[in-house]
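Colleague: This is work_11.pdb, which holds PDB, C-alpha atoms, pLDDT in the B column:
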```pdb
ATOM      1  CA  MET A 193      -4.787  -5.279  -9.216  1.00 53.00           C
ATOM      2  CA  ASN A 194      -1.628  -3.146  -9.367  1.00 64.00           C
ATOM      3  CA  GLY A 195      -2.415  -0.620 -12.082  1.00 84.00           C
ATOM      4  CA  MET A 196      -4.434   2.379 -13.140  1.00 91.00           C
ATOM      5  CA  LEU A 197      -7.446   3.403 -11.046  1.00 93.00           C
ATOM      6  CA  HIS A 198     -10.403   5.336 -12.398  1.00 92.00           C
ATOM      7  CA  GLY A 199     -11.864   7.227  -9.445  1.00 93.00           C
ATOM      8  CA  LEU A 200     -13.291   7.082  -5.951  1.00 95.00           C
ATOM      9  CA  LYS A 201     -14.942   3.693  -6.496  1.00 95.00           C
ATOM     10  CA  ASP A 202     -11.566   2.115  -7.339  1.00 96.00           C
ATOM     11  CA  ILE A 203      -9.839   3.925  -4.454  1.00 96.00           C
ATOM     12  CA  HIS A 204     -12.525   2.622  -2.080  1.00 96.00           C
ATOM     13  CA  MET A 205     -12.067  -0.914  -3.431  1.00 96.00           C
ATOM     14  CA  VAL A 206      -8.268  -0.799  -2.886  1.00 96.00           C
ATOM     15  CA  ILE A 207      -8.719   0.480   0.682  1.00 96.00           C
ATOM     16  CA  ALA A 208     -11.466  -2.030   1.513  1.00 95.00           C
ATOM     17  CA  ASN A 209      -9.423  -4.952   0.168  1.00 95.00           C
ATOM     18  CA  SER A 210      -5.982  -3.760   1.271  1.00 92.00           C
ATOM     19  CA  ARG A 211      -5.084  -6.978   3.086  1.00 90.00           C
ATOM     20  CA  LYS A 212      -5.964  -9.122   0.088  1.00 92.00           C
ATOM     21  CA  LEU A 213      -4.476  -6.793  -2.566  1.00 93.00           C
ATOM     22  CA  GLY A 214      -1.629  -5.190  -0.630  1.00 93.00           C
ATOM     23  CA  GLY A 215      -0.283  -1.772  -1.509  1.00 95.00           C
ATOM     24  CA  ALA A 216      -2.234   1.469  -1.652  1.00 97.00           C
ATOM     25  CA  ALA A 217      -3.894   3.985  -3.965  1.00 98.00           C
ATOM     26  CA  GLU A 218      -1.505   6.827  -4.814  1.00 98.00           C
ATOM     27  CA  ALA A 219      -1.877   9.705  -7.274  1.00 97.00           C
ATOM     28  CA  GLU A 220       0.859  11.796  -8.877  1.00 97.00           C
ATOM     29  CA  SER A 221      -1.004  14.876  -7.635  1.00 97.00           C
ATOM     30  CA  ILE A 222      -4.369  16.134  -6.499  1.00 97.00           C
ATOM     31  CA  THR A 223      -5.569  19.704  -6.808  1.00 97.00           C
ATOM     32  CA  LEU A 224      -8.484  20.774  -4.655  1.00 97.00           C
ATOM     33  CA  ALA A 225     -11.087  23.351  -5.682  1.00 96.00           C
ATOM     34  CA  SER A 226      -9.365  25.836  -3.345  1.00 95.00           C
ATOM     35  CA  GLY A 227      -6.267  25.627  -5.547  1.00 96.00           C
ATOM     36  CA  GLU A 228      -4.130  23.629  -3.099  1.00 96.00           C
ATOM     37  CA  THR A 229      -2.029  20.992  -4.859  1.00 97.00           C
ATOM     38  CA  TYR A 230      -0.629  17.948  -3.090  1.00 97.00           C
ATOM     39  CA  MET A 231       2.028  15.744  -4.650  1.00 97.00           C
ATOM     40  CA  ASN A 232       1.964  11.943  -4.288  1.00 97.00           C
ATOM     41  CA  PRO A 233      -1.091  11.710  -2.011  1.00 98.00           C
ATOM     42  CA  VAL A 234      -1.847   8.227  -0.691  1.00 98.00           C
ATOM     43  CA  PHE A 235      -5.556   7.712  -0.067  1.00 98.00           C
ATOM     44  CA  THR A 236      -6.486   6.309   3.329  1.00 97.00           C
ATOM     45  CA  ASN A 237     -10.283   6.559   3.442  1.00 97.00           C
ATOM     46  CA  VAL A 238     -13.358   7.164   1.298  1.00 97.00           C
ATOM     47  CA  ASP A 239     -16.637   7.737   3.154  1.00 96.00           C
ATOM     48  CA  LEU A 240     -19.942   6.537   1.746  1.00 95.00           C
ATOM     49  CA  SER A 241     -23.416   7.541   2.863  1.00 95.00           C
ATOM     50  CA  GLN A 242     -26.506   6.016   1.286  1.00 94.00           C
ATOM     51  CA  GLY A 243     -24.429   4.770  -1.647  1.00 92.00           C
ATOM     52  CA  LYS A 244     -22.863   8.161  -2.425  1.00 95.00           C
ATOM     53  CA  TYR A 245     -19.278   9.215  -1.864  1.00 96.00           C
ATOM     54  CA  ILE A 246     -19.164  12.004   0.712  1.00 97.00           C
ATOM     55  CA  SER A 247     -15.550  12.621   1.667  1.00 97.00           C
ATOM     56  CA  PHE A 248     -12.058  11.248   1.183  1.00 97.00           C
ATOM     57  CA  SER A 249      -8.838  11.330   3.170  1.00 98.00           C
ATOM     58  CA  PHE A 250      -5.227  11.134   2.082  1.00 98.00           C
ATOM     59  CA  ILE A 251      -1.753  11.609   3.462  1.00 98.00           C
ATOM     60  CA  ALA A 252       0.299  14.184   1.588  1.00 96.00           C
ATOM     61  CA  GLU A 253       4.006  13.900   0.848  1.00 95.00           C
ATOM     62  CA  ASN A 254       4.881  16.021   3.899  1.00 93.00           C
ATOM     63  CA  GLY A 255       2.928  13.626   6.173  1.00 94.00           C
ATOM     64  CA  GLU A 256      -0.079  15.935   6.493  1.00 95.00           C
ATOM     65  CA  ASN A 257      -3.390  14.104   6.871  1.00 97.00           C
ATOM     66  CA  VAL A 258      -6.043  15.811   4.695  1.00 97.00           C
ATOM     67  CA  THR A 259      -9.791  15.128   4.637  1.00 97.00           C
ATOM     68  CA  ALA A 260     -12.051  16.887   2.143  1.00 97.00           C
ATOM     69  CA  HIS A 261     -15.548  16.705   0.730  1.00 97.00           C
ATOM     70  CA  VAL A 262     -15.723  15.045  -2.691  1.00 96.00           C
ATOM     71  CA  ASP A 263     -16.969  18.324  -4.183  1.00 96.00           C
ATOM     72  CA  GLN A 264     -13.532  19.772  -3.385  1.00 96.00           C
ATOM     73  CA  ILE A 265     -11.731  17.540  -5.911  1.00 96.00           C
ATOM     74  CA  GLY A 266     -10.412  19.700  -8.742  1.00 95.00           C
ATOM     75  CA  VAL A 267      -8.045  17.391 -10.618  1.00 96.00           C
ATOM     76  CA  MET A 268      -6.482  14.018  -9.766  1.00 96.00           C
ATOM     77  CA  ARG A 269      -3.530  12.993 -11.923  1.00 96.00           C
ATOM     78  CA  GLY A 270      -1.864   9.605 -12.265  1.00 96.00           C
ATOM     79  CA  LEU A 271      -4.111   7.631  -9.904  1.00 97.00           C
ATOM     80  CA  ARG A 272      -2.683   4.123  -9.515  1.00 97.00           C
ATOM     81  CA  HIS A 273      -2.673   1.082  -7.262  1.00 97.00           C
ATOM     82  CA  LYS A 274       0.927   0.462  -6.183  1.00 97.00           C
ATOM     83  CA  LEU A 275       2.785  -1.955  -3.969  1.00 96.00           C
ATOM     84  CA  ILE A 276       4.099  -0.398  -0.756  1.00 96.00           C
ATOM     85  CA  CYS A 277       7.673  -0.462  -2.041  1.00 95.00           C
ATOM     86  CA  GLN A 278       6.586   1.417  -5.195  1.00 95.00           C
ATOM     87  CA  LEU A 279       5.033   4.376  -3.356  1.00 97.00           C
ATOM     88  CA  LYS A 280       6.708   7.715  -4.038  1.00 97.00           C
ATOM     89  CA  ASN A 281       5.269   9.212  -0.844  1.00 97.00           C
ATOM     90  CA  VAL A 282       8.165   8.421   1.511  1.00 97.00           C
ATOM     91  CA  SER A 283       6.313   9.120   4.775  1.00 96.00           C
ATOM     92  CA  VAL A 284       3.474   6.737   3.906  1.00 97.00           C
ATOM     93  CA  ARG A 285       5.834   4.127   2.439  1.00 97.00           C
ATOM     94  CA  GLU A 286       7.805   4.101   5.699  1.00 97.00           C
ATOM     95  CA  MET A 287       4.665   3.954   7.864  1.00 96.00           C
ATOM     96  CA  MET A 288       3.042   1.176   5.810  1.00 97.00           C
ATOM     97  CA  THR A 289       6.279  -0.813   5.608  1.00 97.00           C
ATOM     98  CA  GLU A 290       6.653  -0.715   9.385  1.00 97.00           C
ATOM     99  CA  GLU A 291       3.000  -1.752   9.949  1.00 96.00           C
ATOM    100  CA  THR A 292       3.210  -4.547   7.401  1.00 96.00           C
ATOM    101  CA  LEU A 293       6.486  -5.925   8.745  1.00 96.00           C
ATOM    102  CA  ARG A 294       5.074  -5.842  12.290  1.00 96.00           C
ATOM    103  CA  TYR A 295       2.176  -7.952  10.985  1.00 95.00           C
ATOM    104  CA  LEU A 296       4.566 -10.315   9.156  1.00 95.00           C
ATOM    105  CA  ARG A 297       6.675 -10.828  12.299  1.00 94.00           C
ATOM    106  CA  LYS A 298       3.529 -11.627  14.293  1.00 95.00           C
ATOM    107  CA  LEU A 299       2.348 -13.978  11.525  1.00 94.00           C
ATOM    108  CA  CYS A 300       5.691 -15.820  11.626  1.00 92.00           C
ATOM    109  CA  GLU A 301       5.547 -15.987  15.418  1.00 92.00           C
ATOM    110  CA  VAL A 302       2.040 -17.471  15.416  1.00 92.00           C
ATOM    111  CA  ASN A 303       2.978 -20.014  12.706  1.00 89.00           C
ATOM    112  CA  GLU A 304       6.346 -20.887  14.257  1.00 87.00           C
ATOM    113  CA  GLY A 305       7.315 -24.439  13.336  1.00 84.00           C
ATOM    114  CA  PHE A 306       4.492 -24.841  10.793  1.00 85.00           C
ATOM    115  CA  VAL A 307       4.994 -23.687   7.224  1.00 88.00           C
ATOM    116  CA  THR A 308       1.530 -24.315   5.850  1.00 89.00           C
ATOM    117  CA  ASN A 309       0.610 -23.460   2.293  1.00 89.00           C
ATOM    118  CA  SER A 310      -1.769 -20.652   3.332  1.00 91.00           C
ATOM    119  CA  PHE A 311       0.847 -19.131   5.679  1.00 92.00           C
ATOM    120  CA  LYS A 312       3.532 -19.235   2.993  1.00 91.00           C
ATOM    121  CA  LYS A 313       1.159 -17.700   0.440  1.00 91.00           C
ATOM    122  CA  GLU A 314       0.261 -14.807   2.750  1.00 93.00           C
ATOM    123  CA  ALA A 315       3.882 -14.242   3.802  1.00 93.00           C
ATOM    124  CA  LEU A 316       5.043 -14.165   0.163  1.00 92.00           C
ATOM    125  CA  LYS A 317       2.298 -11.662  -0.660  1.00 93.00           C
ATOM    126  CA  ILE A 318       3.642  -9.419   2.114  1.00 94.00           C
ATOM    127  CA  VAL A 319       7.243  -9.871   0.924  1.00 93.00           C
ATOM    128  CA  ARG A 320       6.160  -8.895  -2.575  1.00 92.00           C
ATOM    129  CA  ASP A 321       4.400  -5.810  -1.187  1.00 95.00           C
ATOM    130  CA  VAL A 322       7.338  -4.456   0.836  1.00 95.00           C
ATOM    131  CA  SER A 323      10.200  -5.985  -1.266  1.00 92.00           C
ATOM    132  CA  VAL A 324      12.868  -8.528  -0.378  1.00 89.00           C
ATOM    133  CA  ASP A 325      15.418  -5.734   0.086  1.00 90.00           C
ATOM    134  CA  GLU A 326      13.299  -4.216   2.865  1.00 92.00           C
ATOM    135  CA  ILE A 327      12.867  -7.640   4.519  1.00 92.00           C
ATOM    136  CA  GLU A 328      16.651  -8.116   4.535  1.00 90.00           C
ATOM    137  CA  LYS A 329      17.389  -4.528   5.602  1.00 93.00           C
ATOM    138  CA  ARG A 330      15.092  -4.791   8.620  1.00 91.00           C
ATOM    139  CA  ASP A 331      16.284  -8.296   9.586  1.00 88.00           C
ATOM    140  CA  VAL A 332      12.962 -10.076   9.225  1.00 91.00           C
ATOM    141  CA  VAL A 333      13.573 -13.833   9.348  1.00 88.00           C
ATOM    142  CA  LEU A 334      11.205 -16.036   7.391  1.00 90.00           C
ATOM    143  CA  PRO A 335      10.962 -19.797   8.090  1.00 87.00           C
ATOM    144  CA  PHE A 336      11.390 -20.527   4.362  1.00 85.00           C
ATOM    145  CA  THR A 337      13.576 -19.260   1.532  1.00 83.00           C
ATOM    146  CA  VAL A 338      12.352 -16.674  -0.938  1.00 78.00           C
ATOM    147  CA  GLU A 339      15.305 -16.567  -3.342  1.00 65.00           C
ATOM    148  CA  ASN A 340      13.884 -18.953  -5.959  1.00 50.00           C
ATOM    149  CA  ASN A 341      10.782 -16.766  -6.436  1.00 53.00           C
ATOM    150  CA  LEU A 342      12.525 -13.452  -7.173  1.00 54.00           C
ATOM    151  CA  VAL A 343      11.739 -11.171 -10.070  1.00 55.00           C
ATOM    152  CA  LEU A 344      13.609  -7.913 -10.757  1.00 58.00           C
ATOM    153  CA  ILE A 345      11.339  -4.935 -11.402  1.00 58.00           C
ATOM    154  CA  ASP A 346      12.551  -1.328 -11.200  1.00 60.00           C
ATOM    155  CA  LYS A 347      15.864  -2.412  -9.598  1.00 57.00           C
ATOM    156  CA  ARG A 348      13.999  -3.907  -6.625  1.00 59.00           C
ATOM    157  CA  ARG A 349      13.524  -7.564  -5.868  1.00 57.00           C
ATOM    158  CA  TYR A 350       9.979  -8.860  -5.544  1.00 58.00           C
ATOM    159  CA  ALA A 351       8.843 -12.303  -4.472  1.00 55.00           C
TER     160      ALA A 351
END
```
Could you show the structure in this file as structure tokens?

Modeller:
Amino acid sequence: MNGMLHGLKDIHMVIANSRKLGGAAEAESITLASGETYMNPVFTNVDLSQGKYISFSFIAENGENVTAHVDQIGVMRGLRHKLICQLKNVSVREMMTEETLRYLRKLCEVNEGFVTNSFKKEALKIVRDVSVDEIEKRDVVLPFTVENNLVLIDKRRYA
């Protein structure tokens, strides 16, 4: 997906399909009806009841976890689906990178000695999500090389 989102339905879709899509839904800012403004919120949950959106949760730039009723949304600016390494919210980027790399290490451990096509595809999707630089920085060893699949975007290397 990796692009502009158009509301709660798209946010819900990104969250529900996070393993398949990677990344997260982040906005430049959200202003609630109370006047509170949060910069770079990353959405973590959207609750549905009888087909209607009831509440949403996000993690603010300072790491604060906020849940509000959908009626409390004043303005959402710059809502986008981004890869983990593209998130501007540093606290969430760090948390998601750590979770994702823990999963990748476990995936490599389970598939040790067998580089199947499906394993390689999933591992490359994860590498693309967190960036090759992060993989190298945190000493994650993959059982195959990634170098021939690199593309430079925004001064970061993606698989």

Colleague: Kindly indicate which residue among A:Val324, A:Val333, A:Leu316, A:Met268 lies nearest to A:His198, using all atoms listed in the file for the distances.

Modeller: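 Closest to A:His198, using all atoms listed in the file: A:Met268.
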
Colleague: List the residues matched by the PyMOL selection byres ((chain A and resi 238-246) around 12) in the displayed structure as a PyMOL selection string, ordered by chain and then by residue number.

Modeller: chain A and resi 199-208+217+234-237+247-250+258-265

Colleague: Neighbouring residues of A:Lys280 were defined as those with any atom within 10 Å, considering all atoms listed in the file; residues of the same chain fewer than 6 positions away were excluded. Please report them as a list in words.

Modeller: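 Near A:Lys280, the qualifying residues are Glu218, Ala219, Glu220, Met231, Asn232, Pro233, Val234, Glu253 and Lys274 of chain A.
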
Colleague: One number please: atom CA of A:Gly215 to atom CA of A:Ile318, in Å, one decimal.

Modeller: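 Spanning atom CA of A:Gly215 to atom CA of A:Ile318 is a straight-line distance of 9.3 Å.
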
Colleague: Every residue with an atom at most 12 Å from (10.4, 4.4, 2.4) (file coordinates; all atoms listed in the file) is what I'm after, so could you write them as a list in words?

Modeller: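 Output: Glu253, Leu275, Ile276, Cys277, Gln278, Leu279, Lys280, Asn281, Val282, Ser283, Val284, Arg285, Glu286, Met287, Met288, Thr289, Glu290, Val322, Ser323, Asp325, Glu326 and Lys329 of chain A.
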
Colleague: One decimal, Å: what's the distance from atom CA of A:Arg269 over to atom CA of A:Ile222, could you say?

Modeller: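 About the pair atom CA of A:Arg269 and atom CA of A:Ile222: they are 6.3 Å apart.
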
Colleague: Expressed in Å to a single decimal, how great is the separation between atom CA of A:Arg330 and atom CA of A:Lys298?

Modeller: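 That distance, rounded to one decimal, is 14.6 Å.
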
Colleague: Which one of A:Val267, A:Leu299, A:Gly255, A:Gly214 sits closest to A:Thr229 if you count all atoms listed in the file?

Modeller: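 The closest residue to A:Thr229 is A:Val267.
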
Colleague: Any idea what's packed within 9 Å of A:Ala315, counting only C-alpha atoms, ignoring anything in its chain fewer than 2 positions away? Could you give it as a JSON list (two decimals) with C-alpha atoms, in the coordinates of the input?

Modeller:
```json
[["chain", "number", "residue", "atom", "x", "y", "z"],
["A", 296, "LEU", "CA", 4.57, -10.32, 9.16],
["A", 299, "LEU", "CA", 2.35, -13.98, 11.52],
["A", 300, "CYS", "CA", 5.69, -15.82, 11.63],
["A", 310, "SER", "CA", -1.77, -20.65, 3.33],
["A", 311, "PHE", "CA", 0.85, -19.13, 5.68],
["A", 312, "LYS", "CA", 3.53, -19.24, 2.99],
["A", 313, "LYS", "CA", 1.16, -17.70, 0.44],
["A", 317, "LYS", "CA", 2.30, -11.66, -0.66],
["A", 318, "ILE", "CA", 3.64, -9.42, 2.11],
["A", 319, "VAL", "CA", 7.24, -9.87, 0.92],
["A", 320, "ARG", "CA", 6.16, -8.90, -2.58],
["A", 334, "LEU", "CA", 11.20, -16.04, 7.39]]
```

Colleague: Between A:Val302, A:Leu271, A:Arg211, A:Val332, single out the one closest to A:Leu197, counting all atoms listed in the file.

Modeller: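 Nearest candidate to A:Leu197 out of A:Val302, A:Leu271, A:Arg211, A:Val332: A:Leu271.
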
Colleague: Compare A:Leu213, A:Thr308, A:Glu328, A:Leu224 by their minimum atom-to-atom distance to A:Gly266, counting all atoms listed in the file, and give me the closest one.

Modeller: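 Checking each candidate against A:Gly266, we get A:Leu224 as the closest.
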
Colleague: Which residue gives the smallest distance to A:Tyr230 among A:His273, A:Thr337, A:Glu291, A:Ala252, with all atoms listed in the file counted?

Modeller: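 For A:Tyr230, the nearest of the candidates is A:Ala252.
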